[in-house]
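Note: the block below is entry_26.pdb and it holds PDB, C-alpha atoms, pLDDT in the B column.
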```
ATOM      1  CA  MET A   1     195.329 -33.775 377.278  1.00 45.00           C
ATOM      2  CA  THR A   2     195.840 -34.924 373.718  1.00 48.00           C
ATOM      3  CA  MET A   3     199.287 -34.829 372.212  1.00 52.00           C
ATOM      4  CA  THR A   4     199.885 -33.094 368.954  1.00 64.00           C
ATOM      5  CA  LYS A   5     202.517 -33.933 366.429  1.00 81.00           C
ATOM      6  CA  MET A   6     205.508 -31.687 366.228  1.00 91.00           C
ATOM      7  CA  THR A   7     205.088 -28.620 364.043  1.00 94.00           C
ATOM      8  CA  LEU A   8     208.013 -27.034 362.226  1.00 94.00           C
ATOM      9  CA  LYS A   9     207.697 -23.709 360.439  1.00 96.00           C
ATOM     10  CA  THR A  10     210.076 -21.131 359.061  1.00 95.00           C
ATOM     11  CA  GLU A  11     210.012 -17.424 359.845  1.00 96.00           C
ATOM     12  CA  GLY A  12     211.808 -14.757 357.867  1.00 96.00           C
ATOM     13  CA  ASP A  13     215.023 -15.916 356.176  1.00 95.00           C
ATOM     14  CA  THR A  14     216.893 -17.377 359.142  1.00 96.00           C
ATOM     15  CA  HIS A  15     214.468 -18.824 361.714  1.00 96.00           C
ATOM     16  CA  VAL A  16     212.995 -22.280 362.281  1.00 96.00           C
ATOM     17  CA  VAL A  17     210.331 -22.661 364.978  1.00 97.00           C
ATOM     18  CA  VAL A  18     209.461 -26.112 366.333  1.00 96.00           C
ATOM     19  CA  THR A  19     206.570 -26.691 368.723  1.00 97.00           C
ATOM     20  CA  ARG A  20     205.542 -29.896 370.494  1.00 96.00           C
ATOM     21  CA  ARG A  21     203.153 -30.633 373.353  1.00 95.00           C
ATOM     22  CA  PHE A  22     204.065 -33.227 375.992  1.00 95.00           C
ATOM     23  CA  ALA A  23     201.858 -34.917 378.608  1.00 94.00           C
ATOM     24  CA  ALA A  24     204.413 -34.156 381.305  1.00 95.00           C
ATOM     25  CA  SER A  25     205.356 -31.216 383.519  1.00 96.00           C
ATOM     26  CA  PRO A  26     207.723 -28.463 382.341  1.00 97.00           C
ATOM     27  CA  GLU A  27     210.168 -29.740 384.995  1.00 97.00           C
ATOM     28  CA  ALA A  28     210.215 -33.232 383.455  1.00 97.00           C
ATOM     29  CA  VAL A  29     210.575 -31.966 379.871  1.00 97.00           C
ATOM     30  CA  TYR A  30     213.329 -29.510 380.893  1.00 98.00           C
ATOM     31  CA  ARG A  31     215.235 -32.245 382.760  1.00 97.00           C
ATOM     32  CA  ALA A  32     214.998 -34.486 379.681  1.00 97.00           C
ATOM     33  CA  HIS A  33     216.863 -31.739 377.769  1.00 97.00           C
ATOM     34  CA  THR A  34     219.636 -31.301 380.380  1.00 97.00           C
ATOM     35  CA  GLU A  35     220.378 -34.751 381.893  1.00 97.00           C
ATOM     36  CA  PRO A  36     222.907 -36.715 379.787  1.00 96.00           C
ATOM     37  CA  SER A  37     221.606 -40.167 380.796  1.00 95.00           C
ATOM     38  CA  THR A  38     218.093 -39.173 379.661  1.00 96.00           C
ATOM     39  CA  ILE A  39     219.227 -37.362 376.488  1.00 97.00           C
ATOM     40  CA  GLN A  40     221.037 -40.550 375.381  1.00 96.00           C
ATOM     41  CA  LYS A  41     217.743 -42.467 375.503  1.00 95.00           C
ATOM     42  CA  TRP A  42     215.632 -40.161 373.335  1.00 95.00           C
ATOM     43  CA  LEU A  43     217.678 -37.739 371.181  1.00 95.00           C
ATOM     44  CA  LEU A  44     218.516 -40.374 368.581  1.00 92.00           C
ATOM     45  CA  GLY A  45     216.779 -39.375 365.367  1.00 83.00           C
ATOM     46  CA  PRO A  46     215.667 -42.185 363.058  1.00 82.00           C
ATOM     47  CA  GLU A  47     215.418 -45.810 364.239  1.00 86.00           C
ATOM     48  CA  GLY A  48     218.739 -47.627 364.414  1.00 91.00           C
ATOM     49  CA  TRP A  49     220.862 -44.685 365.596  1.00 93.00           C
ATOM     50  CA  THR A  50     222.510 -44.456 369.016  1.00 95.00           C
ATOM     51  CA  MET A  51     224.359 -41.750 370.952  1.00 96.00           C
ATOM     52  CA  PRO A  52     227.490 -43.366 372.431  1.00 96.00           C
ATOM     53  CA  VAL A  53     228.866 -39.998 373.603  1.00 96.00           C
ATOM     54  CA  CYS A  54     226.686 -37.450 375.424  1.00 97.00           C
ATOM     55  CA  LEU A  55     228.468 -34.632 377.220  1.00 97.00           C
ATOM     56  CA  CYS A  56     226.113 -31.994 378.581  1.00 97.00           C
ATOM     57  CA  ASP A  57     227.104 -29.489 381.274  1.00 97.00           C
ATOM     58  CA  PRO A  58     223.889 -27.486 381.860  1.00 97.00           C
ATOM     59  CA  ARG A  59     225.255 -24.201 383.196  1.00 97.00           C
ATOM     60  CA  LYS A  60     226.175 -20.868 381.606  1.00 98.00           C
ATOM     61  CA  GLY A  61     229.254 -21.547 379.460  1.00 98.00           C
ATOM     62  CA  GLY A  62     228.852 -25.310 379.881  1.00 98.00           C
ATOM     63  CA  LYS A  63     229.826 -27.429 376.895  1.00 98.00           C
ATOM     64  CA  ILE A  64     227.705 -29.816 374.828  1.00 98.00           C
ATOM     65  CA  ARG A  65     228.980 -32.696 372.681  1.00 97.00           C
ATOM     66  CA  TYR A  66     226.664 -35.343 371.265  1.00 97.00           C
ATOM     67  CA  GLU A  67     227.979 -38.118 368.978  1.00 95.00           C
ATOM     68  CA  TRP A  68     225.647 -40.342 366.948  1.00 94.00           C
ATOM     69  CA  THR A  69     226.285 -43.571 365.028  1.00 94.00           C
ATOM     70  CA  ASP A  70     224.105 -45.920 363.005  1.00 93.00           C
ATOM     71  CA  GLY A  71     226.305 -48.905 363.933  1.00 92.00           C
ATOM     72  CA  GLN A  72     227.347 -49.306 360.281  1.00 94.00           C
ATOM     73  CA  GLY A  73     230.224 -46.867 360.182  1.00 92.00           C
ATOM     74  CA  ASN A  74     228.137 -43.732 359.647  1.00 91.00           C
ATOM     75  CA  GLY A  75     228.018 -40.986 362.201  1.00 91.00           C
ATOM     76  CA  PHE A  76     228.237 -37.315 363.012  1.00 91.00           C
ATOM     77  CA  TYR A  77     228.483 -35.098 366.042  1.00 94.00           C
ATOM     78  CA  LEU A  78     227.286 -31.805 367.472  1.00 95.00           C
ATOM     79  CA  THR A  79     229.152 -29.348 369.687  1.00 97.00           C
ATOM     80  CA  GLY A  80     227.836 -26.322 371.505  1.00 98.00           C
ATOM     81  CA  GLU A  81     227.677 -24.185 374.610  1.00 98.00           C
ATOM     82  CA  PHE A  82     224.919 -23.110 376.973  1.00 98.00           C
ATOM     83  CA  LEU A  83     224.312 -19.347 377.099  1.00 98.00           C
ATOM     84  CA  THR A  84     221.358 -19.116 379.512  1.00 98.00           C
ATOM     85  CA  LEU A  85     219.462 -21.602 381.666  1.00 98.00           C
ATOM     86  CA  GLU A  86     216.315 -20.736 383.602  1.00 98.00           C
ATOM     87  CA  PRO A  87     215.417 -24.047 385.275  1.00 97.00           C
ATOM     88  CA  TYR A  88     212.172 -25.599 384.053  1.00 97.00           C
ATOM     89  CA  ARG A  89     211.410 -22.576 381.849  1.00 98.00           C
ATOM     90  CA  ARG A  90     214.050 -21.707 379.248  1.00 98.00           C
ATOM     91  CA  ILE A  91     217.341 -22.885 377.728  1.00 98.00           C
ATOM     92  CA  VAL A  92     219.436 -20.850 375.284  1.00 98.00           C
ATOM     93  CA  HIS A  93     222.394 -22.511 373.616  1.00 98.00           C
ATOM     94  CA  VAL A  94     224.450 -22.367 370.452  1.00 98.00           C
ATOM     95  CA  GLU A  95     225.235 -25.512 368.457  1.00 96.00           C
ATOM     96  CA  ARG A  96     226.954 -26.651 365.310  1.00 94.00           C
ATOM     97  CA  MET A  97     226.808 -29.981 363.512  1.00 90.00           C
ATOM     98  CA  HIS A  98     230.006 -31.613 362.247  1.00 91.00           C
ATOM     99  CA  LEU A  99     229.180 -33.454 359.013  1.00 83.00           C
ATOM    100  CA  PRO A 100     232.268 -33.671 359.080  1.00 81.00           C
ATOM    101  CA  ASP A 101     232.863 -29.925 358.563  1.00 86.00           C
ATOM    102  CA  PRO A 102     231.156 -27.711 361.148  1.00 89.00           C
ATOM    103  CA  THR A 103     227.966 -25.964 360.126  1.00 88.00           C
ATOM    104  CA  PRO A 104     227.476 -22.273 360.962  1.00 91.00           C
ATOM    105  CA  ASP A 105     226.359 -21.584 364.516  1.00 95.00           C
ATOM    106  CA  ASN A 106     222.691 -22.273 365.196  1.00 96.00           C
ATOM    107  CA  HIS A 107     221.386 -20.185 368.132  1.00 97.00           C
ATOM    108  CA  VAL A 108     218.604 -22.135 369.845  1.00 98.00           C
ATOM    109  CA  GLU A 109     216.111 -20.885 372.430  1.00 98.00           C
ATOM    110  CA  THR A 110     213.833 -23.534 373.959  1.00 98.00           C
ATOM    111  CA  ILE A 111     210.905 -22.476 376.147  1.00 98.00           C
ATOM    112  CA  PHE A 112     208.876 -24.861 378.333  1.00 98.00           C
ATOM    113  CA  GLU A 113     205.411 -23.500 379.211  1.00 98.00           C
ATOM    114  CA  PRO A 114     202.809 -25.181 381.415  1.00 97.00           C
ATOM    115  CA  GLU A 115     199.694 -25.992 379.402  1.00 95.00           C
ATOM    116  CA  GLY A 116     196.897 -27.750 381.226  1.00 92.00           C
ATOM    117  CA  SER A 117     198.447 -30.854 382.770  1.00 92.00           C
ATOM    118  CA  GLY A 118     201.266 -30.861 380.241  1.00 95.00           C
ATOM    119  CA  THR A 119     203.898 -28.702 378.585  1.00 96.00           C
ATOM    120  CA  LEU A 120     204.088 -26.690 375.401  1.00 97.00           C
ATOM    121  CA  MET A 121     207.698 -26.669 374.200  1.00 97.00           C
ATOM    122  CA  THR A 122     208.726 -24.025 371.672  1.00 98.00           C
ATOM    123  CA  MET A 123     212.199 -24.177 370.149  1.00 97.00           C
ATOM    124  CA  ARG A 124     213.312 -21.216 368.033  1.00 98.00           C
ATOM    125  CA  MET A 125     216.456 -21.701 365.956  1.00 97.00           C
ATOM    126  CA  THR A 126     218.267 -18.736 364.415  1.00 97.00           C
ATOM    127  CA  LEU A 127     220.745 -19.421 361.617  1.00 95.00           C
ATOM    128  CA  PRO A 128     223.169 -16.894 360.159  1.00 94.00           C
ATOM    129  CA  ASP A 129     221.569 -16.804 356.690  1.00 94.00           C
ATOM    130  CA  ALA A 130     218.899 -18.342 354.453  1.00 94.00           C
ATOM    131  CA  GLY A 131     221.378 -20.751 352.835  1.00 92.00           C
ATOM    132  CA  SER A 132     222.406 -22.214 356.193  1.00 90.00           C
ATOM    133  CA  ARG A 133     218.772 -22.751 357.098  1.00 91.00           C
ATOM    134  CA  LYS A 134     218.007 -24.415 353.763  1.00 91.00           C
ATOM    135  CA  THR A 135     220.982 -26.755 354.184  1.00 87.00           C
ATOM    136  CA  MET A 136     219.909 -27.692 357.730  1.00 86.00           C
ATOM    137  CA  LEU A 137     216.318 -28.429 356.687  1.00 88.00           C
ATOM    138  CA  ALA A 138     217.577 -30.529 353.757  1.00 86.00           C
ATOM    139  CA  THR A 139     219.297 -32.986 356.143  1.00 80.00           C
ATOM    140  CA  GLY A 140     215.934 -34.559 356.996  1.00 79.00           C
ATOM    141  CA  MET A 141     216.153 -33.226 360.545  1.00 82.00           C
ATOM    142  CA  GLU A 142     212.364 -32.858 360.805  1.00 84.00           C
ATOM    143  CA  GLY A 143     211.661 -36.616 360.659  1.00 85.00           C
ATOM    144  CA  GLY A 144     214.522 -37.334 363.040  1.00 86.00           C
ATOM    145  CA  MET A 145     213.282 -34.733 365.522  1.00 90.00           C
ATOM    146  CA  GLU A 146     209.737 -36.101 365.513  1.00 89.00           C
ATOM    147  CA  ALA A 147     211.032 -39.677 366.025  1.00 89.00           C
ATOM    148  CA  SER A 148     213.113 -38.405 368.950  1.00 92.00           C
ATOM    149  CA  TYR A 149     210.154 -36.567 370.535  1.00 92.00           C
ATOM    150  CA  VAL A 150     207.950 -39.665 370.264  1.00 90.00           C
ATOM    151  CA  ARG A 151     210.694 -41.534 372.194  1.00 92.00           C
ATOM    152  CA  LEU A 152     210.864 -38.721 374.756  1.00 93.00           C
ATOM    153  CA  GLU A 153     207.094 -38.888 375.263  1.00 91.00           C
ATOM    154  CA  THR A 154     207.368 -42.542 376.292  1.00 90.00           C
ATOM    155  CA  LEU A 155     210.207 -41.770 378.758  1.00 90.00           C
ATOM    156  CA  ILE A 156     208.630 -38.945 380.774  1.00 89.00           C
TER     157      ILE A 156
END
```
What is this file in structure tokens?
Amino acid sequence: MTMTKMTLKTEGDTHVVVTRRFAASPEAVYRAHTEPSTIQKWLLGPEGWTMPVCLCDPRKGGKIRYEWTDGQGNGFYLTGEFLTLEPYRRIVHVERMHLPDPTPDNHVETIFEPEGSGTLMTMRMTLPDAGSRKTMLATGMEGGMEASYVRLETLI
């Protein structure tokens, strides 16, 4: 199965849809999104960043807190909560970035579908308004996400 690069597209005024294929089972890709020790190895964005703090309690109402640093005094963090988890199939959570002020809530649904010998992951983000989405996309998140997914591919 050949891997495809991540695709990111917008829908309507408030949605961002990211898709990525992985040469691994839905179980493995799901676990990589819910196990703190694994998340810390791949969800890093551009080269040179690390995640010294990774709190992830994958259950309904469980809290999320990820903290990133570039080792040169720059950093930011994300907080959130899990709303729904269907093991190996679907995760719904809400998150906000702190840059340092918190961004509006981003509702995220991630679906893991078997595709051949691999997985098609579809992540649908819903922001409260078009301005919030524009601001999020302007942070350069797309390049950081793709770098993170390339790292994830090598881990699973």
- request: Pick out the residues sitting within 10 Å of region 20-24 of chain A, and hand them over as a ChimeraX atom specification; count only C-alpha atoms, and ignore anything fewer than 6 positions along from it in its own chain.
  value: /A:1-8,112-123,146,149-150,152-156
How would the residues just chosen look if you wrote them out with C-alpha atoms as a compact mmCIF listing (two decimals), in the coordinates of the input?
```txt
# COMPACT_ATOMS: atom_id res chain seq x y z
CA MET A 1 195.33 -33.78 377.28
CA THR A 2 195.84 -34.92 373.72
CA MET A 3 199.29 -34.83 372.21
CA THR A 4 199.88 -33.09 368.95
CA LYS A 5 202.52 -33.93 366.43
CA MET A 6 205.51 -31.69 366.23
CA THR A 7 205.09 -28.62 364.04
CA LEU A 8 208.01 -27.03 362.23
CA PHE A 112 208.88 -24.86 378.33
CA GLU A 113 205.41 -23.50 379.21
CA PRO A 114 202.81 -25.18 381.42
CA GLU A 115 199.69 -25.99 379.40
CA GLY A 116 196.90 -27.75 381.23
CA SER A 117 198.45 -30.85 382.77
CA GLY A 118 201.27 -30.86 380.24
CA THR A 119 203.90 -28.70 378.58
CA LEU A 120 204.09 -26.69 375.40
CA MET A 121 207.70 -26.67 374.20
CA THR A 122 208.73 -24.02 371.67
CA MET A 123 212.20 -24.18 370.15
CA GLU A 146 209.74 -36.10 365.51
CA TYR A 149 210.15 -36.57 370.54
CA VAL A 150 207.95 -39.66 370.26
CA LEU A 152 210.86 -38.72 374.76
CA GLU A 153 207.09 -38.89 375.26
CA THR A 154 207.37 -42.54 376.29
CA LEU A 155 210.21 -41.77 378.76
CA ILE A 156 208.63 -38.94 380.77
```
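Neighbourhood of point (223.7, -22.2, 374.6): residues with an atom at most 7 Å away, counting all atoms listed in the file, are Gly80, Glu81, Phe82, Leu83, Thr84, Val92, His93, Val94 and Val108 of chain A.
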Kindly save the residues from that selection, with C-alpha atoms included, as a PDB file, keeping the file's coordinate frame.
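Final output, saved to result.pdb:
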```pdb
ATOM      1  CA  GLY A  80     227.836 -26.322 371.505  1.00 98.00           C
ATOM      2  CA  GLU A  81     227.677 -24.185 374.610  1.00 98.00           C
ATOM      3  CA  PHE A  82     224.919 -23.110 376.973  1.00 98.00           C
ATOM      4  CA  LEU A  83     224.312 -19.347 377.099  1.00 98.00           C
ATOM      5  CA  THR A  84     221.358 -19.116 379.512  1.00 98.00           C
ATOM      6  CA  VAL A  92     219.436 -20.850 375.284  1.00 98.00           C
ATOM      7  CA  HIS A  93     222.394 -22.511 373.616  1.00 98.00           C
ATOM      8  CA  VAL A  94     224.450 -22.367 370.452  1.00 98.00           C
ATOM      9  CA  VAL A 108     218.604 -22.135 369.845  1.00 98.00           C
TER      10      VAL A 108
END
```
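Residue nearest Asp105 (chain A) within the list A:Met145, A:Leu78, A:Ile91, A:Leu85: A:Leu78 [criterion: smallest interatomic distance, all atoms listed in the file].
Nearest residue to Ile39 (chain A) among A:Asp101, A:Asp13, A:Glu67, A:Glu27 is A:Glu67, counting only C-alpha atoms.
Across the model, the gap from CA of Thr14 (chain A) to CA of Leu137 (chain A) is 11.3 Å.
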task: List the residues selected by the PyMOL selection byres ((chain A and resi 12) around 12) in the file shown, writing them as a PyMOL selection string.
output: chain A and resi 9-11+13-17+125-130+133
Resolved residues for the PyMOL selection byres ((chain A and resi 77) around 12) as a list in words: Leu44, Thr50, Met51, Pro52, Val53, Cys54, Leu55, Ile64, Arg65, Tyr66, Glu67, Trp68, Thr69, Asn74, Gly75, Phe76, Leu78, Thr79, Gly80, Glu95, Arg96, Met97, His98, Leu99, Pro100, Asp101, Pro102 and Thr103 of chain A
First collect every listed atom of region 45-59 of chain A; then fit an axis-aligned box around them, widen it by 4 Å on each side, and give centre and edge lengths in Å to one decimal, as lines of an AutoDock Vina configuration file.
```
center_x = 222.1
center_y = -35.9
center_z = 373.1
size_x = 21.4
size_y = 31.4
size_z = 28.1
```
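Computed from the coordinates, the CA of Arg31 (chain A) to CA of Val18 (chain A) distance equals 18.5 Å.
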query: Exactly which residues make up the result of the PyMOL selection byres ((chain A and resi 89) around 6) on this file, given as a ChimeraX atom specification?
result: /A:86-88,90,111-112
